[in-house]
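One structure is given here, and the rest of the page talks about it.
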Amino acid sequence: MPPSESEHLSPTAIDSIACGGAPDSSTRDHLRSCNVCREYVQAAREEAAYLVRVRALASPALGPEDAPRVPGYRIIERIGSGAQALVYRAVQTSTARTVAIKLIRGADHNGAGWRAEREAEIAAGLRHPGIVTIFESRTLDDGGAAMVMEYVDGTPIDEWQDPSWTADRRHAALLGVFVRVCEAIHHAHLNGVIHRDIKPDNVLVRKDGNPVVLDFGIARHGDAWRTRVGELTGTPAYASPEQVSGDPDAVDALTDVYSLGVLLYVLLCGRLPYQLDGSILAMAKTIVDTPATPLRSADPTIHKDLDAIVHMALHKDKRRRYQSAAALGAEVERFINKQPVEARGDSGWYLVQRLASRNRRRIAAVVVSVTVLVTASALVVASMADAAAAQRRESQQREQARLDQVRLRAVTELMRLTLPAVDAAHPEIGAAVSAGLGRLYFRLESGAYADEPELDQEIRRLWGGVYTGLAPGNDAKFVEYAEDALRGGLVRLRVETPSGDSPEIAEALHELASVLLVRRRLGEAEQICQQAIEMRGRILGVGHPANAHSIALRARILKAQGRLADASSAADDAITALDAAHSTNVEYVHGEMIAIKAWAALEQAGTAHAADLVLDAMRIRLRRSFPDDPELLDSLGQAARLINTSPDAALSKALRDIWDSPGQSAAVALRRDIEFLRAPSQSFSPGNAPPGRAEAIGRVLRLQERILGPNHPAMVGLLMAQTQAAWAEGSLELRADSLLRAADILAARYGDSDLAVLMCVEQAATVDAFAGRLDRAVALGERADTIWRSYPDNARDALLAANTRRILAWYLELAGRHEQAATKYASALDEFLNLLGEEHYLVALTRSGLAVSLAGTGELERAERLSRQACHIADQTPTLPPDSGAHINFARGHVLWILGRPEQARPRLEQAWEGFYRDGAGNELPWRAVLVSDMAGVCEKLGDHAAAETWRRRAPHISPASGGG
Amino acid sequence: MAQSRSSLATRTTTQLLDALRTPGNEPAWEQLDARYRPIIASLARRLGLSASEAEDAAQQTLAEFVRVYRDGRYERGKGRLSSWILGIARNTTLSALRERAGRGAAQLHALDKAPDDSVVRAIWDEERDREIVLRAVELLRDDSSIEDRTLRAFELVALRGVPASEAGAQCGMTADQVYVARSRMTRRLRDRVRQLTDAYEADH
Ligand SMILES: [Zn+2]
């Protein structure tokens with residue numbers, strides 16, 4: 001600590017000198033004569049340097065200065081502020097999970113803690129992908145409260161935009177998202193929660209295009225724009241007439257429907273439905289009295305159906321609005337699907353609602369209990385909450401089960417895609433999964449879930465589903481268990497359901513039929529499937545999506561029986577049902593049904609429309625991104641057959657263009673490719689891959705391009721597979737080419753500076769460097785460097801960016817452009833020094849590179865010093881990766897050799913060789929030429945001619961232009 | 001070694017691993033988890049995963065480590081614990097990226113080699129150092145023997161780069177006092193950082 005005696009310099013003066021400030025003459029005199037103060041200056045310098053590094057590390061995670069302290073969380077930044085709350089982005093230290101923390105100020109709001117907890121409790125019950133998830137709430141020391149919730153990385157819905165969109169495209173996307181917002185709000189209503197503050201800031205759209213509604217129940221205890229004394233503040237732009245007229249009892253789910261109407265209005269034309277200005281009271285009056293300006297007078301291009309929908313949602317009389325958010329959503333969906341909308345029919349809907357309202361309580365109770373089963377719009381409103389409490393709990397459980405089911409379906413899909421592939425290389429993974437499922441099965445059978453019948457049933461069904469999702473032949477024993485589990489579940493269900501019909505039974509039947517299909521007990525499967533179809537038809541209606549899936553299953557079973565004509569007509573039924581159900585994500589089922597029809601048509605040779613069907617199925621299945629996808633292969637198999645049966649079809653011609661080769665017909669060549677592709681790609685690595693797979697994928701890519709059009713995004717998946725195959729086959733040029741093609745497609749879609757583009761470009765550059773195509777490697781390295789520079793500072797990963805520059809320098813050096821290489825190396829070195837400190841081996845590695853370049857430009861003194869420093873650090877780093885060590889040794893040896901010190905150079909170069917080529921692989925090929933020529937020179941100089949000759953024979957076949965050698 | 005409630009935090013990894021041999025030693029697992037999870041998640045993010053994918057990757061990595069450890073496949077003689085975990089983290093992240101590439105998603109790397117190991121290791125080191133500094137700062141914040149305004153002045157001037165005179169004005173101190181506080185607190189911070197670094201790295 002600096003001295004306090006007045007004859008010494010003050011801490012302020014010492015710091016100023018330590019930071020490079022010019023001392024005045026008396027200070028200078030004192031320093032000259034005072035050891036104590038000189039030492040303090042030195043210490044202050046060191047302290048400042050230490051703190052620079054601390055600051056660099058800590059600042060991104062330090063959070064704002066006034067951030068509250070919430071134990072267990074690290075506040076990163078403030079992301080929002082409102083009248084009652086501040087919102088921060090934070091990280092939970094124990095889980096590393098990014099969360100949002102909403103801080104409700106305590107001092108001036110009594111009971112904030114209680115309110116937050118209540119809020120959290122309400123909102124935590126709302127488990128829905130479109131509703132933000134609440135993790136916990138806490139009361140803080142100062143009486144405020146913190147609510148911890150899922151961090152949603154998204155854009156407010158009114159700002160959601162993609163640069164590549166046309167106005168029409170954006171319009172369509174917004175409508176689709178709006179439908180999902182309605183569904184989320186409806187889910188909340190079914191759980192007795194009214195949002196009350198729907199506005200664009202509370203509806204975020206994630207990067208994947210899914211909306212998330214925030215701030216549920218926040219406004220429940222006093223609307224956000226209303227203070228506690230009942231006065232209005234702020235702008236109630238999205239509020240309903242009943243909200244602003246101040247009657248809290250009049251606020252119910254239909255209030256949210258109104259706000260959704262305003263939101264839709266704003267999304268469609270960019271302005272509010274009426275002009276709000278003046279005092280709050282004047283605004284309230286406008287909202288109550290002024291009808292919305294017709295959308296089409298704001299924007300005449302808007303479809304009149306939309307105008308009608310918005311008009312109905314914005315009815316001042318809430319009885320004449322849509323009677324649920326789901327009804328509004330369904331209406332917009334009908335518009336999207338170009339069906340007639342209800343709002344434009346006469347008032348039939350209104351009359352039904354009127355009628356219903358008389359018996360509302362009773363209807364509500366019934367509808368709540370079946371509402372998750374039938375996706376029809378519900379008439380439920382939150383004011384019915386008490387009466388419907390029991391049913392609601394039940395519906396919540398069902399909803400939860402449904403969500404779990406979706407999750408498990410995803411697992412099934414994942415396993416279906418991965419397990420057959422993983423099996424070959426890693427049988428232990430398959431075994432572990434089987435064992436886990438086995439345990440679950442025994443738990444089921446030992447009654448572990450008996451007191452939770454819902455869960456028991458769900459697990460049985462899902463468990464069966466997981467197994468039927470897997471390819472046949474996986475593990476016969478477990479498929480057998482699946483059947484037992486489902487049958488056991490069915491017996492119990494039937495006991496509980498005297499009438500004999502229930503959605504659960506229907507689903508269990510469906511799953512059982514799937515299991516029987518896997519077990520190839522086809523007659524039984526068909527029979528059970530038929531029961532499922534009939535039961536679903538009775539309960540859910542023929543048009544329900546679940547029914548469509550059962551009909552599709554029947555088509556599959558019939559096809560497996562070889563009854564192609566029957567299968568084809570079942571497939572027709574399934575397609576009709578799928579179309580009627582308007583469900584999303586059924587494209588692949590659709591593809592499969594068309595494929596079944598195509599097989600039937602192919603069977604009757606000469607059927608004219610076989611070619612069309614094969615093409616239709618192909619068009620869907622070419623969107624799959626794995627070349628070994630069984631459905632894609634199925635379609636390719638159809639194509640191989642089509643070439644012979646309908647040689648004149650356009651598709652056959654296209655196939656011949658691609659697959660015809662001298663001495664082999666296209667059909668034979670295509671069949672051979674299918675066999676090639678069937679082998680899972682993961683089991684190949686360099687050295688054991690049969691050549692030809694990469695080219696086979698290339699032919700499928702050509703087909704993809706021909707059918708889906710150029711640069712279709714689906715091609716990226718196959719290009720990546722081709723990259724892998726080319727790697728396994730050692731075909732560098734093809735590998736670089738497919739990476740660059742993928743980069744182009746991605747750049748066209750996501751912009752040139754997308755990280756994915758960057759990764760492809762960098763990898764292609766590395767491949768080129770290894771292949772000796774140095775000019776292109778340099779050009780690509782520069783492209784990558786430019787991409788990083790286009791990022792704003794706070795979005796750029798400085799370490800990765802510096803590494804890109806280091807690698808660019810390496811390409812430049814390999815290309816013999818020493819001076820440019822030195823400049824890039826120096827800039828990367830500066831950056832690494834800042835980020836990692838003096839002692840990191842990446843700094844050493846960069847110094848080594850710079851040393852090699854400087855040896856090329858003739859700055860030998862600097863080169864000597866840098867390569868020595870690098871070795872010094874490397875020798876002290878036990879965790880040094882071997883190839884980094886080899887680089888550092890190479891640089892040192894190279895510089896020493898140029899300095900004319902062969903006996904010192906020799907051991908370094910030998911170690912470098914050992915590090916690079918120990919395993920005999922041609923790794924680090926680019927340095928090889930220089931290394932070998934250096935060593936030959938060294939040995940020659942030392943008089944060891946035999947060794948020199950040995951080294952010369954190690955020269956690579958590819959000899960890139962390179963410096964120093 | 002510091003006793004008190006932070007004793008686990010500064011226990012060396014070797015000691016933690018020994019503690020793990022005691023069946024049911026949950027605190028030791030939790031400590032190991034808390035120590036490495038943020039580093040793994042940050043690493044995964046910087047290699048291109050989204051926040052939630054990175055969280056999953058951290059979870060998978062730790063679960064895999066637990067498996068490896070319980071099966072007795074972890075041999076202390078073969079390199080450091082951190083290298084071991086880093087290896088698992090890297091593979092987990094890369095396979096997540098590959099899976100995504102397979103789906104043709106926007107962010108994609110079809111990585112079989114890149115980014116090179118040296119950079120992965122460097123990111124790991126940087127994130128570990130960051131974690132240590134942040135934990136050291138948190139330990140200072142939790143230290144009741146430090147006066148509030150001293151801590152605040154230190155945070156402003158040392159961590160946020162606010163000039164001493166300005167920080168002094170905010171905390172009711174003279175600039176000289178701020179410099180004195182900074183030196184004292186920097187020394188404490190360094191001690192904490194050193195202790196934590198030993199704890200993280202003393203595991204040969
Ligand atoms: Zn002095």
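Simple scheme: letters A, B, ... for chains in structure tokens order, numbers from 1 for residues in each chain, numbers from 1 for ligands in the order shown.
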When you look at region 176-192 of chain B with a cut-off of 7 Å (counting only C-alpha atoms), what residues show up, excluding the ones that are within fewer than 2 positions of it in the same chain? I need them as a ChimeraX atom specification. /A:1,10-12 /B:136-137,150,153-154,158,164,168,173-174,194-196
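Interface residues on chain A toward chain B (cut-off 6 Å, only C-alpha atoms): Pro11, Thr12, Arg55, Leu57, Ser94, Ala96, Ser625, Val716, Gly717, Ala756 and Met759 of chain A.
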So which residues touch region 85-90 of chain B within 7 Å, counting only C-alpha atoms, skipping near sequence neighbours fewer than 4 positions away, as a PyMOL selection string? chain B and resi 40+61+65+81+94
Store the residues picked out above, limited to N, CA and C atoms, as a PDB file, in the first residue's frame.
ATOM      1  N   ILE B  40     -18.295 -26.165 -19.330  1.00  0.00           N
ATOM      2  CA  ILE B  40     -18.690 -27.012 -20.470  1.00  0.00           C
ATOM      3  C   ILE B  40     -19.749 -26.297 -21.311  1.00  0.00           C
ATOM      4  N   THR B  61     -22.518 -34.432 -20.860  1.00  0.00           N
ATOM      5  CA  THR B  61     -21.102 -34.625 -20.569  1.00  0.00           C
ATOM      6  C   THR B  61     -20.905 -35.087 -19.138  1.00  0.00           C
ATOM      7  N   PHE B  65     -19.528 -38.548 -17.694  1.00  0.00           N
ATOM      8  CA  PHE B  65     -18.384 -38.648 -16.786  1.00  0.00           C
ATOM      9  C   PHE B  65     -18.730 -39.505 -15.565  1.00  0.00           C
ATOM     10  N   LEU B  81      -8.066 -34.669 -14.879  1.00  0.00           N
ATOM     11  CA  LEU B  81      -9.521 -34.756 -14.901  1.00  0.00           C
ATOM     12  C   LEU B  81     -10.095 -33.762 -15.910  1.00  0.00           C
ATOM     13  N   LEU B  94     -19.574 -31.888 -30.531  1.00  0.00           N
ATOM     14  CA  LEU B  94     -19.428 -32.131 -31.960  1.00  0.00           C
ATOM     15  C   LEU B  94     -20.524 -33.059 -32.472  1.00  0.00           C
TER      16      LEU B  94
END
Could you list, as an MDAnalysis selection string, all the residues within 7 Å of ligand 1, counting only C-alpha atoms and all ligand atoms? chainID A and resid 7:9 30:31 34:37
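Within 6 Å of region 502-517 of chain A there are A:Thr468, A:Arg520, A:Arg521, A:Leu522, A:Ala525, A:Ile528, A:Cys529, A:Ala532, A:Met535, counting only C-alpha atoms and ignoring same-chain residues fewer than 3 positions away.
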With all heavy atoms retained, export the selected residues as an mmCIF file, in the first residue's frame.
data_model
loop_
_atom_site.group_PDB
_atom_site.id
_atom_site.type_symbol
_atom_site.label_atom_id
_atom_site.label_comp_id
_atom_site.auth_asym_id
_atom_site.auth_seq_id
_atom_site.Cartn_x
_atom_site.Cartn_y
_atom_site.Cartn_z
ATOM 1 N N THR A 468 -42.074 -50.015 -31.636
ATOM 2 C CA THR A 468 -42.563 -50.144 -33.002
ATOM 3 C C THR A 468 -41.892 -49.133 -33.896
ATOM 4 O O THR A 468 -41.782 -49.344 -35.093
ATOM 5 C CB THR A 468 -44.080 -49.937 -33.065
ATOM 6 O OG1 THR A 468 -44.397 -48.801 -32.276
ATOM 7 C CG2 THR A 468 -44.795 -51.145 -32.536
ATOM 8 N N ARG A 520 -44.758 -58.859 -37.693
ATOM 9 C CA ARG A 520 -45.221 -59.517 -38.921
ATOM 10 C C ARG A 520 -46.415 -60.431 -38.672
ATOM 11 O O ARG A 520 -46.609 -61.405 -39.395
ATOM 12 C CB ARG A 520 -44.081 -60.305 -39.606
ATOM 13 C CG ARG A 520 -42.800 -59.535 -39.794
ATOM 14 C CD ARG A 520 -42.915 -58.395 -40.724
ATOM 15 N NE ARG A 520 -43.117 -58.767 -42.139
ATOM 16 C CZ ARG A 520 -43.301 -57.876 -43.105
ATOM 17 N NH1 ARG A 520 -43.351 -56.588 -42.809
ATOM 18 N NH2 ARG A 520 -43.466 -58.268 -44.343
ATOM 19 N N ARG A 521 -47.209 -60.153 -37.643
ATOM 20 C CA ARG A 521 -48.461 -60.892 -37.471
ATOM 21 C C ARG A 521 -49.549 -60.074 -38.140
ATOM 22 O O ARG A 521 -50.326 -59.368 -37.485
ATOM 23 C CB ARG A 521 -48.735 -61.098 -35.982
ATOM 24 C CG ARG A 521 -47.587 -61.859 -35.295
ATOM 25 C CD ARG A 521 -48.087 -62.972 -34.411
ATOM 26 N NE ARG A 521 -49.039 -62.509 -33.437
ATOM 27 C CZ ARG A 521 -48.739 -62.163 -32.178
ATOM 28 N NH1 ARG A 521 -47.489 -62.254 -31.761
ATOM 29 N NH2 ARG A 521 -49.663 -61.763 -31.346
ATOM 30 N N LEU A 522 -49.565 -60.157 -39.444
ATOM 31 C CA LEU A 522 -50.255 -59.142 -40.227
ATOM 32 C C LEU A 522 -51.777 -59.266 -40.172
ATOM 33 O O LEU A 522 -52.476 -58.246 -40.137
ATOM 34 C CB LEU A 522 -49.754 -59.172 -41.671
ATOM 35 C CG LEU A 522 -48.229 -58.935 -41.757
ATOM 36 C CD1 LEU A 522 -47.729 -59.166 -43.171
ATOM 37 C CD2 LEU A 522 -47.869 -57.536 -41.296
ATOM 38 N N ALA A 525 -52.852 -57.843 -36.974
ATOM 39 C CA ALA A 525 -52.605 -56.405 -37.010
ATOM 40 C C ALA A 525 -53.730 -55.698 -37.756
ATOM 41 O O ALA A 525 -54.255 -54.672 -37.308
ATOM 42 C CB ALA A 525 -51.265 -56.117 -37.690
ATOM 43 N N ILE A 528 -56.959 -55.592 -35.587
ATOM 44 C CA ILE A 528 -56.886 -54.649 -34.463
ATOM 45 C C ILE A 528 -56.905 -53.209 -34.971
ATOM 46 O O ILE A 528 -57.552 -52.326 -34.410
ATOM 47 C CB ILE A 528 -55.600 -54.892 -33.655
ATOM 48 C CG1 ILE A 528 -55.541 -56.338 -33.201
ATOM 49 C CG2 ILE A 528 -55.471 -53.888 -32.516
ATOM 50 C CD1 ILE A 528 -55.863 -56.595 -31.788
ATOM 51 N N CYS A 529 -56.181 -52.998 -36.061
ATOM 52 C CA CYS A 529 -56.127 -51.652 -36.634
ATOM 53 C C CYS A 529 -57.536 -51.207 -37.047
ATOM 54 O O CYS A 529 -57.927 -50.058 -36.832
ATOM 55 C CB CYS A 529 -55.180 -51.650 -37.828
ATOM 56 S SG CYS A 529 -54.967 -50.025 -38.541
ATOM 57 N N ALA A 532 -59.373 -50.015 -34.130
ATOM 58 C CA ALA A 532 -58.928 -48.669 -33.741
ATOM 59 C C ALA A 532 -59.587 -47.621 -34.627
ATOM 60 O O ALA A 532 -60.077 -46.594 -34.156
ATOM 61 C CB ALA A 532 -57.407 -48.563 -33.832
ATOM 62 N N MET A 535 -63.295 -47.270 -33.734
ATOM 63 C CA MET A 535 -63.508 -46.591 -32.463
ATOM 64 C C MET A 535 -63.175 -45.104 -32.563
ATOM 65 O O MET A 535 -63.913 -44.245 -32.098
ATOM 66 C CB MET A 535 -62.681 -47.252 -31.362
ATOM 67 C CG MET A 535 -63.089 -46.803 -29.968
ATOM 68 S SD MET A 535 -62.164 -47.629 -28.662
ATOM 69 C CE MET A 535 -62.748 -49.319 -28.834
#
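Excluding Gln42 (chain A) and any residue on its chain fewer than 6 positions from it, the residues at most 12 Å away by only C-alpha atoms are A:Met1, A:Pro2, A:Ile14, A:Asp15, A:Ser16, A:Ile17, A:Ala18, A:Cys19, A:Gly20, A:Leu31, A:Asn35, A:Val36, A:Ala48, A:Ala49.
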